Amino acid sequence: MAACLGVGVSLFGASVQRSRNSWRVRVRSESGASADSVSAVVNGASLVGAKEGSWSPIEKGNGGLKSEAAEKKIKLRDDVPEKLEPFWDDGYGTVTVKDYFAAAKDFTQHPDGGLPRWFCPVAAGSPLKGSPVLLFLPGLDGTGCGLIMHHKALGKAFEVRCLHIPVQDRTPFEGLVKLVEETIRSEHASSPKKPIYLVGDSFGGCLALAVASRNPNIDLVLILANPATSFGRSQLQPLLPLLEAMPDGLHETVPYLLSFVMGDPLKMSTVNVESKLPPMQKLEKVSQNLTALLPYLSDLASIIPKDTLLWKLKLLKSAAAYANSRLHAVNAEVLVLASGKDNMVPSGDEAQRLRKSLQNCTVRYFKENGHTLLLEDGIGLLTIIRSTYKYRRSRKHDVISDYLPPSLAEYKYAFTEVTGLFHFLTGSTMFSTLGDGTIVQGLSGVPNQGPVLLVGYHNLLGMELTPLVEGFMREKNLVVRGIAHPELFLGRLESESSEISMVDWVKLFGAVPVTANNLYKLLAEKAHVLLYPGGAREALHYKGEEYKLFWPKQQEFVRMAARFGATIVPFGAVGEDDIAQLILDYNDLMKIPVINDNIRKANQNSAKVRDTDSGEVGNPDLFLPLLLPKVPGRFYYLFGKPIETKGREEILKDKKNANQLYNQVKSEVEHSLAFLIKKRKEDPYRSFIDRTVYKALHASQHEVPSFDP
């Protein structure tokens, strides 16, 4: 087996001085021992260099290789983080497509010889403890820089390595397959219980599928961005004879043509543009970025010279044929990312074909993006991987131990672009109760230290959820882990051309399927857990049932809370009747032919929450009610006085005591609802119109006042 070369390459040229003496090759042998090497073979490539102070074949890159002392320090240190905190920095928006061109040009402007090889981007940093390996397989350019916008984020959760295929390399497709195959077999041998991630961009998607088909017994997760398996149906096919006949002097024009075929320049230019900017400033910023981008397109001619381009197109043809002939042998878990404006290959149609052809394939569709999806705005790769439950550190995904909290960029995007309008219209306000019973505005009455169990009333369709989750993150820097209906997590709610959906965002912000085991593990981790005992029956209540609790008879959560000494915080949330009017409920819909049959059919195989509780409270039918929007009112939350269970072991042993506490929590929730329903009448800013006038007269960032509790 070939030795493994650890190479750290900074891809941000202007920030690091290039120095021949800063480069160092560090080789790890099969046994894991480290040694300096005058000549090392890495996946079949001879890397020749002197010892200290010499240079590597990737000469004069934008940064230095890790020194021996630095590498030992990284290997031996015991302060590797085990988890991320909310609002961690994923670096999204700080790196743009201009950085890609600078890095790719730097790779190719010097003699770019040798065989294909791996490098590790320094920007990726050190991952969390126990993180799996992620191998990036590049597209047509072959530089390996196509993941540059995602290095910092991915580096938190993966050991990132990128494949570099030199400009003059002519390794056939089968040779590239064997190179990647060697690497994954080596990684599997050293960490057999960890998955190995292959991120394939366009051509790299074909390479990933080919490798997976030849290694069905290795745990692989494939992330395919516009895989070129449909190259036979590409719009470039008629152009191939013209490219071959084109004089060398005209090749300089090809990059400009290809840039508009392969990607969307406008999407590339909006990566670092803040969505909150006024329209004119946003337009000016995009215009500046687009103008600055155009000169970089000429660099494509040096990144992909004419002879290399012709070779890559032929290589792409053989890669697509090879991968398509072996799709039936792919056992790996696959996530396909498909663009709606891909002018190079029909990615949307191809994604659906792959979904049907592969054994375990999920698709996410990006209708506004072009072929170079990973270099465009609107796509955070780690966000997609986590929100589709594809991130795991062992053989099986664990919704508790594999969870990573939202980054600052994800928080801003979710509550600005996704639910921002809803938050603006509903203008939620929160109150909590201190230990002495005093009600105060804000969440100071809710304990900061877990485990905490928030138990409350579920509004119609769960309307109250997103303001609650956002409020806890903003005010207390806490992610509330919601216990949700298992039907949300089974994938049956996805359409054939699913975009990133609200369900994906629910997963990203910590929701887990409702099971006793998940509640146990969350409380064991001292989390803040959100629980609705009324579940779907409350969220899908009928006419005239607003703010009525539908709780089961069993004391389901009380004993679990007492087992971990958790603090129970009962709460009420009102506002659904100020947002929309229920027009058709379950009883109305079941009287309508065809619709009633569809509801019965949909619920035949739906996931069940409770096995022991019969009737509508236990497992109600799921349906979608018809609502009529109103001029928005406001959501109000009241978190009651915290109830301590620590030291109350009698709850675990005595059913009567457990039942008394259960009824106490239920009574507190009902009291909170009654309090809010009464007090909201005193709120001068209950109406959206009144709140809008207030914001126009005052600083927009100020919270709109409410009633005096």
# chains A, B, ... in the order shown; residues from 1 in each chain; ligands from 1

call {"tool": "residues_around", "arguments": {"residues": "Glu538 in chain A", "least_positions_apart": "5", "cutoff": "8 Å", "atoms": "only C-alpha atoms", "output": "number ranges by chain"}}
result
A: 457-460, 548-550

call {"tool": "write_last_selection", "arguments": {"atoms": "N, CA and C atoms", "output": "compact mmCIF listing (two decimals), in the first residue's frame"}}
result
# COMPACT_ATOMS: atom_id res chain seq x y z
N TYR A 457 -47.92 23.92 25.19
CA TYR A 457 -49.05 23.74 24.29
C TYR A 457 -48.59 23.97 22.85
N HIS A 458 -49.02 23.07 21.96
CA HIS A 458 -48.66 23.14 20.54
C HIS A 458 -49.74 23.92 19.78
N ASN A 459 -49.37 25.08 19.22
CA ASN A 459 -50.31 25.86 18.42
C ASN A 459 -50.61 25.15 17.09
N LEU A 460 -51.60 25.63 16.39
CA LEU A 460 -52.02 25.06 15.12
C LEU A 460 -50.84 25.04 14.14
N LYS A 548 -56.82 24.31 23.87
CA LYS A 548 -57.28 23.19 24.69
C LYS A 548 -56.21 22.10 24.66
N LEU A 549 -55.82 21.61 25.85
CA LEU A 549 -54.78 20.60 25.93
C LEU A 549 -55.34 19.20 25.65
N PHE A 550 -54.57 18.42 24.91
CA PHE A 550 -54.91 17.03 24.63
C PHE A 550 -53.72 16.16 25.06

call {"tool": "select_by_dssp", "arguments": {"residues": "range 473-603 of chain A", "states": "strand (DSSP E)", "output": "VMD selection string"}}
result
chain A and resid 480 to 484 512 to 513 528 to 531 567 to 574 580 to 584

call {"tool": "write_last_selection", "arguments": {"atoms": "N, CA, C and O atoms", "output": "short mmCIF file (atom, residue, chain, number, x, y, z; two decimals), in the first residue's frame"}}
result
data_model
loop_
_atom_site.label_atom_id
_atom_site.label_comp_id
_atom_site.auth_asym_id
_atom_site.auth_seq_id
_atom_site.Cartn_x
_atom_site.Cartn_y
_atom_site.Cartn_z
N VAL A 480 -32.55 24.78 21.35
CA VAL A 480 -33.61 23.98 21.94
C VAL A 480 -33.81 22.74 21.08
O VAL A 480 -34.09 22.84 19.88
N ARG A 481 -33.66 21.56 21.68
CA ARG A 481 -33.80 20.31 20.95
C ARG A 481 -35.25 19.85 21.00
O ARG A 481 -35.72 19.32 22.00
N GLY A 482 -35.97 20.05 19.92
CA GLY A 482 -37.38 19.70 19.86
C GLY A 482 -37.61 18.21 19.64
O GLY A 482 -36.90 17.56 18.88
N ILE A 483 -38.62 17.65 20.33
CA ILE A 483 -39.05 16.27 20.12
C ILE A 483 -40.22 16.32 19.14
O ILE A 483 -41.29 16.82 19.46
N ALA A 484 -40.03 15.79 17.94
CA ALA A 484 -41.00 15.98 16.85
C ALA A 484 -41.57 14.65 16.38
O ALA A 484 -41.03 13.58 16.63
N VAL A 512 -35.52 16.14 16.83
CA VAL A 512 -35.26 14.70 16.74
C VAL A 512 -36.60 13.96 16.79
O VAL A 512 -37.59 14.48 17.33
N PRO A 513 -36.67 12.74 16.27
CA PRO A 513 -37.91 11.96 16.34
C PRO A 513 -38.27 11.65 17.80
O PRO A 513 -37.40 11.41 18.63
N HIS A 528 -31.42 21.40 26.58
CA HIS A 528 -32.71 22.04 26.74
C HIS A 528 -33.66 21.39 25.72
O HIS A 528 -33.47 21.55 24.51
N VAL A 529 -34.64 20.65 26.22
CA VAL A 529 -35.49 19.83 25.38
C VAL A 529 -36.89 20.42 25.33
O VAL A 529 -37.46 20.80 26.36
N LEU A 530 -37.45 20.49 24.12
CA LEU A 530 -38.80 21.02 23.91
C LEU A 530 -39.76 19.86 23.67
O LEU A 530 -39.59 19.09 22.73
N LEU A 531 -40.79 19.75 24.53
CA LEU A 531 -41.72 18.62 24.46
C LEU A 531 -43.16 19.12 24.46
O LEU A 531 -43.54 19.96 25.27
N THR A 567 -34.88 20.12 35.26
CA THR A 567 -35.81 21.17 35.64
C THR A 567 -36.91 21.24 34.59
O THR A 567 -36.63 21.38 33.40
N ILE A 568 -38.16 21.14 35.04
CA ILE A 568 -39.30 21.22 34.12
C ILE A 568 -39.80 22.67 34.10
O ILE A 568 -40.06 23.26 35.14
N VAL A 569 -39.93 23.23 32.90
CA VAL A 569 -40.45 24.59 32.74
C VAL A 569 -41.73 24.52 31.91
O VAL A 569 -41.67 24.37 30.69
N PRO A 570 -42.89 24.61 32.54
CA PRO A 570 -44.15 24.63 31.78
C PRO A 570 -44.32 25.98 31.09
O PRO A 570 -43.90 27.02 31.62
N PHE A 571 -44.91 25.97 29.90
CA PHE A 571 -45.09 27.25 29.21
C PHE A 571 -46.34 27.21 28.33
O PHE A 571 -46.84 26.16 27.93
N GLY A 572 -46.85 28.40 28.07
CA GLY A 572 -47.96 28.56 27.14
C GLY A 572 -47.57 29.50 26.03
O GLY A 572 -46.73 30.40 26.22
N ALA A 573 -48.15 29.29 24.87
CA ALA A 573 -47.92 30.17 23.71
C ALA A 573 -49.25 30.41 23.03
O ALA A 573 -49.97 29.45 22.71
N VAL A 574 -49.62 31.66 22.83
CA VAL A 574 -50.89 31.99 22.16
C VAL A 574 -50.62 32.91 20.98
O VAL A 574 -49.61 33.62 20.95
N ALA A 580 -54.38 33.23 11.75
CA ALA A 580 -55.19 32.59 10.71
C ALA A 580 -56.48 32.05 11.30
O ALA A 580 -56.58 31.79 12.50
N GLN A 581 -57.47 31.86 10.43
CA GLN A 581 -58.74 31.27 10.81
C GLN A 581 -58.85 29.88 10.20
O GLN A 581 -58.58 29.68 9.02
N LEU A 582 -59.24 28.92 11.02
CA LEU A 582 -59.39 27.54 10.57
C LEU A 582 -60.69 27.41 9.79
O LEU A 582 -61.79 27.57 10.34
N ILE A 583 -60.58 27.10 8.49
CA ILE A 583 -61.76 27.00 7.62
C ILE A 583 -62.25 25.56 7.50
O ILE A 583 -63.44 25.28 7.68
N LEU A 584 -61.36 24.64 7.18
CA LEU A 584 -61.71 23.23 7.05
C LEU A 584 -60.81 22.41 7.96
O LEU A 584 -59.59 22.38 7.79
#

call {"tool": "closest_residue", "arguments": {"among": "A:Tyr389, A:Pro629, A:Gln441, A:Ala210", "to": "Phe489 in chain A", "atoms": "only C-alpha atoms"}}
result
A:Tyr389

call {"tool": "atom_distance", "arguments": {"atom1": "CA of Pro81 in chain A", "atom2": "CA of Glu187 in chain A"}}
result
21.9 Å

call {"tool": "residues_around", "arguments": {"residues": "Glu470 in chain A", "least_positions_apart": "4", "cutoff": "9 Å", "atoms": "only C-alpha atoms", "output": "PyMOL selection string"}}
result
chain A and resi 411+415+465-466+474-475+479

call {"tool": "write_last_selection", "arguments": {"atoms": "N, CA, C and O atoms", "output": "PDB file, in the first residue's frame"}}
result
ATOM      1  N   TYR A 411     -27.783  30.594  11.191  1.00  0.00           N
ATOM      2  CA  TYR A 411     -28.780  31.299  12.002  1.00  0.00           C
ATOM      3  C   TYR A 411     -29.332  32.517  11.260  1.00  0.00           C
ATOM      4  O   TYR A 411     -30.547  32.721  11.180  1.00  0.00           O
ATOM      5  N   PHE A 415     -33.321  32.663   9.800  1.00  0.00           N
ATOM      6  CA  PHE A 415     -34.290  33.580  10.387  1.00  0.00           C
ATOM      7  C   PHE A 415     -34.378  34.913   9.655  1.00  0.00           C
ATOM      8  O   PHE A 415     -35.052  35.835  10.119  1.00  0.00           O
ATOM      9  N   LEU A 465     -43.298  27.625  16.779  1.00  0.00           N
ATOM     10  CA  LEU A 465     -41.993  26.988  16.930  1.00  0.00           C
ATOM     11  C   LEU A 465     -40.810  27.890  16.551  1.00  0.00           C
ATOM     12  O   LEU A 465     -39.864  28.029  17.312  1.00  0.00           O
ATOM     13  N   THR A 466     -40.834  28.451  15.343  1.00  0.00           N
ATOM     14  CA  THR A 466     -39.642  29.182  14.883  1.00  0.00           C
ATOM     15  C   THR A 466     -39.331  30.419  15.728  1.00  0.00           C
ATOM     16  O   THR A 466     -38.151  30.666  16.027  1.00  0.00           O
ATOM     17  N   ARG A 474     -31.032  33.593  20.264  1.00  0.00           N
ATOM     18  CA  ARG A 474     -30.615  34.998  20.310  1.00  0.00           C
ATOM     19  C   ARG A 474     -30.347  35.468  21.735  1.00  0.00           C
ATOM     20  O   ARG A 474     -29.364  36.148  21.997  1.00  0.00           O
ATOM     21  N   GLU A 475     -31.239  35.115  22.673  1.00  0.00           N
ATOM     22  CA  GLU A 475     -31.133  35.659  24.026  1.00  0.00           C
ATOM     23  C   GLU A 475     -30.268  34.813  24.954  1.00  0.00           C
ATOM     24  O   GLU A 475     -29.570  35.346  25.820  1.00  0.00           O
ATOM     25  N   VAL A 479     -29.470  26.083  21.872  1.00  0.00           N
ATOM     26  CA  VAL A 479     -30.269  25.393  20.862  1.00  0.00           C
ATOM     27  C   VAL A 479     -31.280  24.519  21.589  1.00  0.00           C
ATOM     28  O   VAL A 479     -30.912  23.643  22.377  1.00  0.00           O
TER      29      VAL A 479
END

call {"tool": "atom_distance", "arguments": {"atom1": "CA of Gly205 in chain A", "atom2": "CA of Leu176 in chain A"}}
result
12.6 Å
